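**Q** This one is my_file15.txt, compact mmCIF, C-alpha atoms and all ligand atoms.
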# COMPACT_ATOMS: atom_id res chain seq x y z
CA MET C 116 -135.55 -110.13 37.01
CA PRO C 117 -137.08 -107.71 34.49
CA PRO C 118 -138.50 -109.28 31.33
CA THR C 119 -136.05 -109.36 28.39
CA LYS C 120 -135.84 -106.14 26.40
CA ILE C 121 -137.78 -105.91 23.16
CA TRP C 122 -136.23 -103.26 20.91
CA LEU C 123 -138.00 -101.08 18.37
CA SER C 124 -135.78 -102.22 15.50
CA SER C 125 -132.40 -103.81 16.05
CA PRO C 126 -129.73 -104.99 13.61
CA HIS C 127 -130.21 -108.51 12.23
CA MET C 128 -127.18 -110.11 10.63
CA GLY C 129 -127.37 -113.02 8.23
CA ALA C 130 -124.87 -115.81 7.60
CA ASN C 131 -122.27 -114.12 5.38
CA GLU C 132 -121.65 -110.56 6.58
CA LEU C 133 -118.65 -111.61 8.66
CA LYS C 134 -117.15 -113.53 5.73
CA TYR C 135 -117.17 -110.38 3.60
CA VAL C 136 -115.61 -108.39 6.46
CA GLN C 137 -112.94 -111.05 6.95
CA ASP C 138 -112.21 -110.88 3.24
CA ALA C 139 -111.69 -107.11 3.55
CA PHE C 140 -109.16 -107.79 6.31
CA ALA C 141 -107.47 -110.65 4.43
CA THR C 142 -106.96 -108.47 1.36
CA ASN C 143 -106.13 -105.36 3.44
CA TRP C 144 -108.87 -103.35 1.73
CA ILE C 145 -109.48 -101.26 4.86
CA ALA C 146 -110.30 -98.05 3.02
CA PRO C 147 -113.21 -95.84 1.96
CA LEU C 148 -113.18 -97.56 -1.44
CA GLY C 149 -112.55 -101.10 -2.64
CA PRO C 150 -114.08 -104.24 -4.17
CA HIS C 151 -116.87 -104.58 -1.58
CA VAL C 152 -117.95 -100.99 -2.23
CA ASP C 153 -118.16 -101.79 -5.97
CA GLY C 154 -119.91 -105.09 -5.23
CA PHE C 155 -122.41 -103.49 -2.85
CA GLU C 156 -123.25 -100.82 -5.43
CA GLN C 157 -123.80 -103.56 -8.02
CA ASP C 158 -126.06 -105.43 -5.55
CA LEU C 159 -128.12 -102.27 -5.00
CA GLN C 160 -128.44 -101.73 -8.76
CA ASN C 161 -129.51 -105.32 -9.33
CA PHE C 162 -132.07 -105.23 -6.54
CA THR C 163 -133.69 -101.87 -7.33
CA GLY C 164 -133.22 -101.86 -11.10
CA VAL C 165 -131.56 -98.44 -10.97
CA LYS C 166 -128.72 -97.87 -13.47
CA HIS C 167 -126.18 -96.27 -11.11
CA ALA C 168 -125.50 -96.26 -7.36
CA ALA C 169 -122.92 -94.66 -5.04
CA ALA C 170 -122.35 -96.15 -1.58
CA LEU C 171 -121.86 -93.35 0.95
CA SER C 172 -121.26 -92.77 4.65
CA SER C 173 -124.93 -92.02 5.46
CA GLY C 174 -128.35 -91.27 4.05
CA THR C 175 -128.01 -87.68 5.23
CA ALA C 176 -124.75 -87.38 3.26
CA ALA C 177 -126.58 -88.72 0.19
CA ILE C 178 -129.27 -86.03 0.48
CA HIS C 179 -126.60 -83.38 0.99
CA LEU C 180 -124.75 -84.47 -2.16
CA ALA C 181 -128.00 -84.68 -4.16
CA LEU C 182 -128.75 -81.04 -3.28
CA VAL C 183 -125.19 -79.99 -4.16
CA ILE C 184 -125.45 -81.82 -7.50
CA LEU C 185 -128.67 -79.92 -8.27
CA GLY C 186 -126.78 -76.70 -7.59
CA VAL C 187 -128.78 -75.63 -4.54
CA GLN C 188 -127.55 -72.22 -3.34
CA PRO C 189 -128.08 -70.04 -0.26
CA GLY C 190 -131.54 -68.48 -0.44
CA ASP C 191 -133.02 -71.23 -2.63
CA LEU C 192 -136.31 -72.85 -1.69
CA VAL C 193 -136.49 -76.65 -1.31
CA ILE C 194 -139.88 -78.29 -0.82
CA CYS C 195 -139.87 -81.17 1.65
CA GLN C 196 -142.39 -83.48 3.29
CA SER C 197 -142.86 -82.19 6.84
CA PHE C 198 -143.70 -85.59 8.30
CA THR C 199 -140.21 -87.13 8.35
CA PHE C 200 -136.96 -87.59 10.23
CA SER C 201 -134.66 -84.54 10.46
CA GLY C 202 -132.09 -86.27 8.22
CA SER C 203 -134.33 -85.49 5.22
CA VAL C 204 -134.16 -81.77 5.92
CA ASN C 205 -130.93 -80.80 7.69
CA PRO C 206 -128.89 -80.83 4.44
CA ILE C 207 -131.16 -78.05 3.08
CA ALA C 208 -129.97 -75.92 5.99
CA TYR C 209 -126.31 -76.95 5.48
CA LEU C 210 -126.51 -75.18 2.11
CA GLY C 211 -128.20 -72.06 3.45
CA ALA C 212 -131.38 -72.84 1.53
CA THR C 213 -134.87 -72.60 3.04
CA PRO C 214 -137.06 -75.67 3.53
CA VAL C 215 -140.70 -75.23 2.53
CA PHE C 216 -142.68 -77.88 4.40
CA VAL C 217 -145.73 -79.68 3.06
CA ASP C 218 -148.35 -81.74 4.92
CA SER C 219 -149.16 -85.43 4.33
CA GLU C 220 -152.29 -87.09 2.93
CA LYS C 221 -154.15 -89.74 4.88
CA GLU C 222 -153.79 -92.71 2.51
CA THR C 223 -150.00 -93.19 2.65
CA TRP C 224 -149.06 -90.55 5.28
CA ASN C 225 -146.65 -89.03 2.76
CA ILE C 226 -146.49 -85.68 0.95
CA CYS C 227 -149.95 -84.51 -0.15
CA PRO C 228 -149.96 -83.76 -3.90
CA GLN C 229 -152.59 -81.00 -3.50
CA ALA C 230 -150.67 -79.20 -0.77
CA LEU C 231 -147.49 -79.74 -2.80
CA GLU C 232 -148.95 -77.86 -5.78
CA GLU C 233 -150.11 -75.10 -3.46
CA ALA C 234 -146.55 -74.79 -2.11
CA ILE C 235 -145.03 -74.73 -5.63
CA LEU C 236 -147.44 -71.97 -6.72
CA ALA C 237 -146.73 -69.99 -3.56
CA CYS C 238 -142.96 -70.14 -4.24
CA GLU C 239 -143.41 -69.18 -7.87
CA SER C 240 -145.77 -66.28 -7.19
CA GLY C 241 -143.41 -64.73 -4.63
CA LYS C 242 -145.63 -65.40 -1.61
CA VAL C 243 -142.99 -67.46 0.18
CA SER C 244 -139.90 -65.27 0.04
CA GLY C 245 -141.08 -61.95 -1.38
CA LYS C 246 -139.60 -62.73 -4.78
CA LYS C 247 -140.73 -65.13 -7.49
CA GLN C 248 -138.72 -68.33 -7.02
CA LYS C 249 -138.92 -71.69 -8.67
CA PRO C 250 -138.28 -74.37 -6.00
CA ALA C 251 -134.83 -75.95 -6.45
CA ALA C 252 -136.05 -79.45 -5.56
CA ILE C 253 -138.87 -81.51 -4.10
CA ILE C 254 -138.08 -84.13 -1.41
CA PRO C 255 -140.88 -86.69 -0.94
CA VAL C 256 -140.33 -89.41 1.66
CA HIS C 257 -141.59 -93.03 1.78
CA LEU C 258 -142.17 -92.98 5.50
CA TYR C 259 -142.02 -96.25 7.44
CA GLY C 260 -141.62 -97.98 4.08
CA MET C 261 -144.97 -96.92 2.61
CA PRO C 262 -144.48 -95.55 -0.92
CA ALA C 263 -145.58 -91.95 -1.45
CA LYS C 264 -148.03 -91.15 -4.29
CA MET C 265 -145.22 -91.06 -6.82
CA GLN C 266 -147.45 -90.88 -9.89
CA GLU C 267 -149.05 -87.59 -8.80
CA ILE C 268 -145.79 -86.23 -7.36
CA MET C 269 -143.75 -86.92 -10.52
CA ALA C 270 -146.53 -85.45 -12.69
CA LEU C 271 -146.37 -82.19 -10.70
CA ALA C 272 -142.56 -82.22 -10.80
CA ARG C 273 -142.67 -82.50 -14.61
CA LYS C 274 -145.45 -79.93 -14.97
CA TYR C 275 -143.40 -77.34 -13.08
CA ASP C 276 -140.01 -78.70 -14.17
CA ILE C 277 -138.60 -79.23 -10.66
CA PRO C 278 -136.13 -82.04 -9.85
CA VAL C 279 -137.09 -84.70 -7.30
CA ILE C 280 -134.84 -86.19 -4.62
CA GLU C 281 -136.67 -89.25 -3.37
CA ASP C 282 -135.95 -90.06 0.27
CA ALA C 283 -136.23 -93.86 0.33
CA ALA C 284 -134.11 -94.19 3.50
CA GLU C 285 -136.85 -96.27 5.13
CA ALA C 286 -138.13 -97.95 1.99
CA LEU C 287 -135.53 -100.35 0.58
CA GLY C 288 -137.63 -103.28 -0.58
CA SER C 289 -140.81 -101.22 -1.09
CA THR C 290 -142.38 -100.82 -4.53
CA PHE C 291 -145.06 -98.75 -6.23
CA LYS C 292 -146.72 -100.57 -9.15
CA GLY C 293 -143.79 -103.00 -9.13
CA LYS C 294 -141.08 -100.32 -9.39
CA ALA C 295 -138.61 -99.92 -6.53
CA CYS C 296 -138.83 -96.91 -4.23
CA GLY C 297 -135.78 -94.72 -4.77
CA THR C 298 -135.92 -95.09 -8.57
CA PHE C 299 -138.71 -92.61 -9.42
CA GLY C 300 -137.01 -89.29 -8.76
CA ASP C 301 -133.99 -87.72 -10.48
CA MET C 302 -132.07 -89.14 -7.55
CA GLY C 303 -133.01 -91.57 -4.77
CA VAL C 304 -131.54 -91.90 -1.29
CA LEU C 305 -131.12 -95.00 0.89
CA SER C 306 -129.90 -95.39 4.48
CA PHE C 307 -128.19 -98.33 6.14
CA ASN C 308 -128.22 -96.92 9.65
CA GLY C 309 -128.38 -99.43 12.52
CA ASN C 310 -132.17 -99.31 12.84
CA LYS C 311 -133.06 -99.59 9.13
CA ILE C 312 -134.33 -102.71 7.34
CA ILE C 313 -130.75 -103.68 6.52
CA THR C 314 -127.70 -102.04 8.02
CA THR C 315 -123.98 -101.50 7.54
CA SER C 316 -123.91 -100.04 11.10
CA GLY C 317 -123.98 -96.65 9.41
CA GLY C 318 -124.16 -95.87 5.72
CA GLY C 319 -126.23 -94.66 2.81
CA ALA C 320 -126.47 -94.61 -0.96
CA LEU C 321 -127.40 -92.32 -3.80
CA LEU C 322 -129.27 -93.89 -6.73
CA SER C 323 -129.92 -92.48 -10.20
CA ASP C 324 -130.51 -93.52 -13.79
CA THR C 325 -128.52 -90.42 -14.81
CA GLU C 326 -124.89 -91.44 -14.99
CA TRP C 327 -123.30 -88.01 -14.51
CA MET C 328 -125.17 -87.46 -11.26
CA VAL C 329 -123.78 -90.59 -9.61
CA LYS C 330 -120.33 -89.93 -11.08
CA LYS C 331 -120.44 -86.45 -9.64
CA ALA C 332 -121.59 -87.84 -6.26
CA LYS C 333 -118.57 -90.16 -6.16
CA PHE C 334 -116.28 -87.28 -7.14
CA LEU C 335 -117.65 -84.92 -4.49
CA ALA C 336 -117.68 -87.67 -1.85
CA THR C 337 -113.92 -88.22 -2.19
CA GLN C 338 -112.84 -84.60 -1.58
CA ALA C 339 -113.42 -83.57 -5.21
CA ARG C 340 -109.98 -84.56 -6.44
CA ASP C 341 -109.31 -83.53 -10.02
CA GLU C 342 -107.33 -85.88 -12.25
CA ALA C 343 -103.69 -85.09 -11.57
CA PRO C 344 -100.73 -86.87 -9.97
CA HIS C 345 -100.75 -84.31 -7.14
CA TYR C 346 -103.77 -83.16 -5.14
CA GLN C 347 -105.61 -80.68 -7.34
CA HIS C 348 -109.04 -79.17 -6.56
CA THR C 349 -111.46 -76.97 -8.45
CA HIS C 350 -114.51 -77.80 -6.29
CA ILE C 351 -115.31 -78.00 -2.58
CA GLY C 352 -115.41 -81.70 -1.70
CA TYR C 353 -116.68 -83.93 1.09
CA ASN C 354 -115.47 -87.09 2.81
CA TYR C 355 -118.66 -89.10 2.34
CA ARG C 356 -117.63 -92.46 0.82
CA MET C 357 -118.53 -95.79 2.42
CA SER C 358 -115.76 -97.89 3.98
CA ASN C 359 -114.92 -101.16 2.21
CA VAL C 360 -115.30 -102.96 5.58
CA LEU C 361 -118.86 -101.69 6.03
CA ALA C 362 -119.75 -102.37 2.40
CA GLY C 363 -118.83 -105.98 3.22
CA ILE C 364 -121.57 -106.02 5.85
CA GLY C 365 -123.89 -104.51 3.24
CA ARG C 366 -123.16 -107.29 0.75
CA GLY C 367 -124.10 -109.92 3.32
CA GLN C 368 -127.25 -107.99 4.22
CA MET C 369 -128.34 -107.76 0.56
CA GLU C 370 -128.40 -111.57 0.44
CA VAL C 371 -131.10 -111.65 3.14
CA LEU C 372 -133.04 -108.48 2.23
CA PRO C 373 -136.07 -110.27 0.67
CA GLU C 374 -136.34 -112.38 3.84
CA ARG C 375 -136.12 -109.27 6.02
CA VAL C 376 -138.96 -107.63 4.11
CA ALA C 377 -141.08 -110.77 4.49
CA GLN C 378 -140.34 -110.90 8.23
CA ARG C 379 -141.28 -107.25 8.78
CA ARG C 380 -144.48 -107.71 6.79
CA ARG C 381 -145.32 -110.69 9.00
CA ASN C 382 -144.87 -108.48 12.09
CA PHE C 383 -147.43 -106.08 10.66
CA ASP C 384 -149.91 -108.87 9.94
CA TYR C 385 -149.45 -110.26 13.44
CA TYR C 386 -150.15 -106.92 15.12
CA LYS C 387 -153.11 -106.20 12.87
CA ARG C 388 -154.63 -109.60 13.57
CA GLY C 389 -154.05 -109.26 17.31
CA LEU C 390 -155.05 -105.64 17.80
CA GLY C 391 -157.01 -104.49 14.74
CA ASN C 392 -160.36 -105.29 16.34
CA LEU C 393 -159.78 -103.19 19.45
CA SER C 394 -161.94 -100.07 19.60
CA GLY C 395 -159.92 -96.97 18.60
CA ILE C 396 -156.89 -98.88 17.26
CA SER C 397 -156.08 -98.78 13.54
CA PHE C 398 -153.27 -99.53 11.11
CA LEU C 399 -152.09 -98.04 7.80
CA GLU C 400 -153.37 -100.14 4.90
CA GLU C 401 -151.64 -100.47 1.51
CA PRO C 402 -153.62 -98.80 -1.28
CA GLU C 403 -153.83 -100.78 -4.57
CA GLY C 404 -150.38 -100.92 -6.20
CA PHE C 405 -148.50 -99.85 -3.05
CA HIS C 406 -146.19 -102.44 -1.53
CA SER C 407 -144.55 -101.46 1.78
CA ASN C 408 -141.51 -103.15 3.33
CA ARG C 409 -143.30 -102.43 6.65
CA TRP C 410 -140.02 -101.20 8.12
CA LEU C 411 -141.91 -100.16 11.25
CA THR C 412 -145.47 -101.16 12.11
CA CYS C 413 -147.33 -98.00 13.12
CA MET C 414 -150.55 -97.98 15.09
CA LEU C 415 -153.00 -95.10 15.51
CA VAL C 416 -154.71 -94.68 18.86
CA ASP C 417 -157.92 -92.63 18.95
CA PRO C 418 -158.51 -91.73 22.63
CA GLU C 419 -162.16 -90.91 21.89
CA LYS C 420 -162.72 -94.58 21.09
CA THR C 421 -160.28 -96.29 23.46
CA GLY C 422 -161.97 -94.97 26.60
CA GLY C 423 -159.40 -92.21 26.96
CA ILE C 424 -156.28 -94.34 26.54
CA THR C 425 -153.67 -92.40 24.54
CA ARG C 426 -150.59 -93.48 22.62
CA GLU C 427 -148.50 -92.17 25.53
CA ASP C 428 -150.41 -94.40 27.98
CA ILE C 429 -149.60 -97.37 25.77
CA ARG C 430 -145.97 -96.34 25.24
CA LYS C 431 -145.36 -95.95 28.98
CA TYR C 432 -147.14 -99.21 29.80
CA LEU C 433 -144.94 -101.06 27.29
CA TRP C 434 -141.83 -99.33 28.62
CA GLU C 435 -142.58 -100.62 32.14
CA ASP C 436 -142.45 -104.11 30.67
CA ASN C 437 -139.08 -103.35 29.01
CA ILE C 438 -140.66 -102.96 25.55
CA GLU C 439 -139.45 -100.09 23.37
CA SER C 440 -142.01 -98.29 21.22
CA ARG C 441 -141.87 -94.73 19.86
CA PRO C 442 -144.23 -91.93 18.82
CA LEU C 443 -144.37 -91.32 15.07
CA TRP C 444 -141.97 -88.66 13.70
CA LYS C 445 -142.74 -85.18 14.96
CA PRO C 446 -143.40 -83.06 11.85
CA MET C 447 -140.58 -80.70 10.90
CA HIS C 448 -142.82 -77.60 10.80
CA LEU C 449 -143.51 -78.17 14.51
CA GLN C 450 -139.83 -78.49 15.43
CA PRO C 451 -138.34 -75.52 17.31
CA VAL C 452 -135.34 -75.44 14.96
CA PHE C 453 -137.61 -74.93 11.91
CA LYS C 454 -140.27 -72.76 13.53
CA ASN C 455 -139.81 -69.95 10.99
CA ALA C 456 -139.99 -72.15 7.90
CA PRO C 457 -143.01 -71.82 5.58
CA TYR C 458 -145.60 -74.61 5.70
CA TYR C 459 -148.44 -75.65 3.40
CA GLY C 460 -151.29 -77.97 4.27
CA GLY C 461 -153.48 -78.78 7.24
CA LYS C 462 -153.16 -80.92 10.32
CA VAL C 463 -152.80 -84.45 8.91
CA ALA C 464 -149.17 -84.93 9.96
CA GLU C 465 -149.77 -83.20 13.28
CA LYS C 466 -152.67 -85.55 14.05
CA LEU C 467 -150.60 -88.60 13.08
CA PHE C 468 -147.86 -87.48 15.46
CA GLU C 469 -150.40 -86.95 18.23
CA ASN C 470 -152.01 -90.38 17.94
CA GLY C 471 -149.39 -92.63 16.35
CA LEU C 472 -147.06 -95.17 17.90
CA CYS C 473 -144.35 -97.30 16.25
CA LEU C 474 -144.36 -100.85 17.61
CA PRO C 475 -141.34 -103.16 17.94
CA SER C 476 -140.69 -104.21 14.35
CA GLY C 477 -137.31 -105.91 14.10
CA SER C 478 -137.01 -108.81 11.66
CA ASN C 479 -135.42 -110.78 14.51
CA LEU C 480 -138.48 -110.69 16.79
CA ARG C 481 -139.84 -114.08 17.79
CA GLU C 482 -143.51 -114.91 17.85
CA GLU C 483 -143.44 -114.89 21.67
CA ASP C 484 -142.07 -111.32 21.58
CA LEU C 485 -144.88 -110.20 19.29
CA GLU C 486 -147.39 -111.97 21.50
CA ARG C 487 -146.00 -110.20 24.58
CA VAL C 488 -146.42 -106.79 22.90
CA VAL C 489 -149.95 -107.64 21.74
CA SER C 490 -151.09 -108.87 25.13
CA LYS C 491 -149.67 -105.80 26.93
CA ILE C 492 -151.46 -103.44 24.54
CA LYS C 493 -154.70 -105.39 24.95
CA GLU C 494 -154.32 -105.13 28.72
CA VAL C 495 -153.97 -101.35 28.74
CA CYS C 496 -156.74 -100.80 26.18
CA LEU C 497 -159.20 -103.03 28.02
CA LYS C 498 -158.40 -101.15 31.25
CA GLY C 499 -159.37 -97.91 29.52
CA LEU C 500 -162.63 -99.30 28.28
CA LYS C 501 -163.47 -100.62 31.74
CA VAL C 502 -162.68 -97.29 33.44
CA ASN C 503 -165.01 -95.60 31.01
CA ALA C 504 -167.82 -98.13 31.32
C1 LIG O 601 -132.66 -92.65 8.48
C2 LIG O 601 -133.25 -91.60 7.64
C3 LIG O 601 -132.47 -90.63 6.98
C4 LIG O 601 -131.02 -90.44 7.21
O1 LIG O 601 -130.24 -91.53 7.08
P1 LIG O 601 -128.86 -91.68 7.91
O2 LIG O 601 -128.19 -92.82 7.24
O3 LIG O 601 -129.24 -91.96 9.33
O4 LIG O 601 -128.11 -90.40 7.76
C5 LIG O 601 -133.11 -89.73 6.14
N1 LIG O 601 -134.43 -89.76 5.97
C6 LIG O 601 -135.22 -90.65 6.60
C7 LIG O 601 -136.67 -90.64 6.33
C8 LIG O 601 -134.65 -91.58 7.48
O5 LIG O 601 -135.44 -92.43 8.14
Take the structure in the file and write it out as structure tokens.
**A**
Amino acid sequence: MPPTKIWLSSPHMGANELKYVQDAFATNWIAPLGPHVDGFEQDLQNFTGVKHAAALSSGTAAIHLALVILGVQPGDLVICQSFTFSGSVNPIAYLGATPVFVDSEKETWNICPQALEEAILACESGKVSGKKQKPAAIIPVHLYGMPAKMQEIMALARKYDIPVIEDAAEALGSTFKGKACGTFGDMGVLSFNGNKIITTSGGGALLSDTEWMVKKAKFLATQARDEAPHYQHTHIGYNYRMSNVLAGIGRGQMEVLPERVAQRRRNFDYYKRGLGNLSGISFLEEPEGFHSNRWLTCMLVDPEKTGGITREDIRKYLWEDNIESRPLWKPMHLQPVFKNAPYYGGKVAEKLFENGLCLPSGSNLREEDLERVVSKIKEVCLKGLKVNA
């Protein structure tokens, strides 16, 4: 019999999700609106400290709406962190705008402020598109839960007067200097996809302190219905609201979120303790003031120091033991679909992709699961060192 499967990051329900769902059934609120949607939005506001929240069908939908709300038009330039999941970027293309990709820095793995300024200046001087264009938005991402350098990023955004859409899809429960990720930009985005730190099976949210933005998001997300007894429309709308049934799951998940963050942080500590001393293996540390939810524990593998063992060797070795791990996100500027998009920066993100591996990080992993992963990685690394000796 093969050993039991260890997943990268699987859903982890608490005690009350089903009660909220049953309540939705009992009251027949089976609709893309309802009391659980309102309650879930209130929970998100209370937890993050943001003034307004809209629960939506996905994180990608939230980014799409944020761009629409900022008035992004075909031909506009939108600056985005290259090192991310495609959900951060695809909505730029939905609107016919052009993504301008920016490299990461080494301390948080997120958008590099220096390269960001370079990209802004290139847009504004006409180097990017042939005409002088102010970027329509900046999208920084808190990848794997690690906050981006929001102080520097917001300072640049203010200096050049460019709105910020903060992609906090992976960072619910993360903070920078005590302030929640998703609350720094003009708008923030969360995701509740099945693999995220909490889930509604699928879902997302848009956060903002600016009331009209969230009001507009709710309006656009329900087919942009004007106030009238009949169906009356003056705008193009979307069907992007969250179902009341799924918001019920979300309410239950919010009750256990602090525990989930603590559990994921314990995973990180366990891996670092077990593997951090191996030659060529390293982990991303939290700089002063940065608090990560450690959504996924990521490990860097330097083949020059592991005796030639690469992240792929480790990934395949784990896979043979029924353990799921995954390379870090492949940067967007290296994706075939975005091969013509402009890019600013060096090879930080590229290098991270080459050498990085996400380890099983679910909050439902048992200590024996973590130990199994650690011992398998030790096995393959020690093999490499022996071969080389
Ligand atoms: C998951 C994710 C998204 C998209 O969220 P969905 O809810 O899956 O649409 C966007 N950006 C990042 C960084 C993500 O990890």
**Q** Select the residues contacting ligand LIG 601 (chain O) at a distance of at most 6 Å, based on only C-alpha atoms and all ligand atoms, then format the selection as an MDAnalysis selection string.
**A** chainID C and resid 173:175 199:200 202:203 282 284:285 306:308 318:319
**Q** Residues as selected, C-alpha atoms, written as an mmCIF file, keeping the file's coordinate frame, can you do that?
**A**
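This went into part-v4.cif:
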data_model
loop_
_atom_site.group_PDB
_atom_site.id
_atom_site.type_symbol
_atom_site.label_atom_id
_atom_site.label_comp_id
_atom_site.auth_asym_id
_atom_site.auth_seq_id
_atom_site.Cartn_x
_atom_site.Cartn_y
_atom_site.Cartn_z
ATOM 1 C CA SER C 173 -124.930 -92.020 5.460
ATOM 2 C CA GLY C 174 -128.350 -91.270 4.050
ATOM 3 C CA THR C 175 -128.010 -87.680 5.230
ATOM 4 C CA THR C 199 -140.210 -87.130 8.350
ATOM 5 C CA PHE C 200 -136.960 -87.590 10.230
ATOM 6 C CA GLY C 202 -132.090 -86.270 8.220
ATOM 7 C CA SER C 203 -134.330 -85.490 5.220
ATOM 8 C CA ASP C 282 -135.950 -90.060 0.270
ATOM 9 C CA ALA C 284 -134.110 -94.190 3.500
ATOM 10 C CA GLU C 285 -136.850 -96.270 5.130
ATOM 11 C CA SER C 306 -129.900 -95.390 4.480
ATOM 12 C CA PHE C 307 -128.190 -98.330 6.140
ATOM 13 C CA ASN C 308 -128.220 -96.920 9.650
ATOM 14 C CA GLY C 318 -124.160 -95.870 5.720
ATOM 15 C CA GLY C 319 -126.230 -94.660 2.810
#
**Q** Can you tell me which residues surround Pro206 of chain C at a distance of at most 10 Å, considering only C-alpha atoms, apart from same-chain residues fewer than 3 positions away, and format the answer as a PyMOL selection string?
**A** chain C and resi 175-183+201-203+209-212+214
**Q** Please indicate the distance in Å from atom CA of Thr163 of chain C to atom CA of Leu287 of chain C, rounded to one decimal place.
**A**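 Straight-line distance from atom CA of Thr163 of chain C to atom CA of Leu287 of chain C works out to 8.3 Å.
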**Q** So, counting all atoms listed in the file, which residue among C:Phe405, C:Phe216, C:Tyr355, C:Phe383 is closest to Lys294 of chain C?
**A** C:Phe405
**Q** Residues within 10 Å of segment 335-349 of chain C, please, as a list in words. Count all atoms listed in the file; anything in the same chain fewer than 2 positions from it doesn't count.
**A**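 So the residues in contact are Pro147, Leu148, Ala169, Ala170, Leu171, Ser172, Ala176, Ala177, Leu180, Val183, Ile184, Val329, Lys330, Lys331, Ala332, Lys333, Ile351, Gly352, Tyr353, Asn354, Tyr355, Arg356 and Met357 of chain C.
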**Q** With distances taken over only C-alpha atoms, which residue among C:Arg487, C:Lys493, C:His257, C:His448 lies nearest Pro118 of chain C?
**A**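 Using only C-alpha atoms, the shortest distance to Pro118 of chain C belongs to C:Arg487.
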**Q** List the spatial neighbours of Val488 of chain C as a PyMOL selection string - criterion: any atom at most 9 Å away, all atoms listed in the file, same-chain residues fewer than 3 positions off excluded.
**A** chain C and resi 121+386+433+438+474-475+483-485+491-493
**Q** So what do you get for atom CA of Ile424 of chain C versus atom CA of Ser394 of chain C, distance-wise?
**A**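 Value for the atom CA of Ile424 of chain C-atom CA of Ser394 of chain C distance: 10.6 Å.
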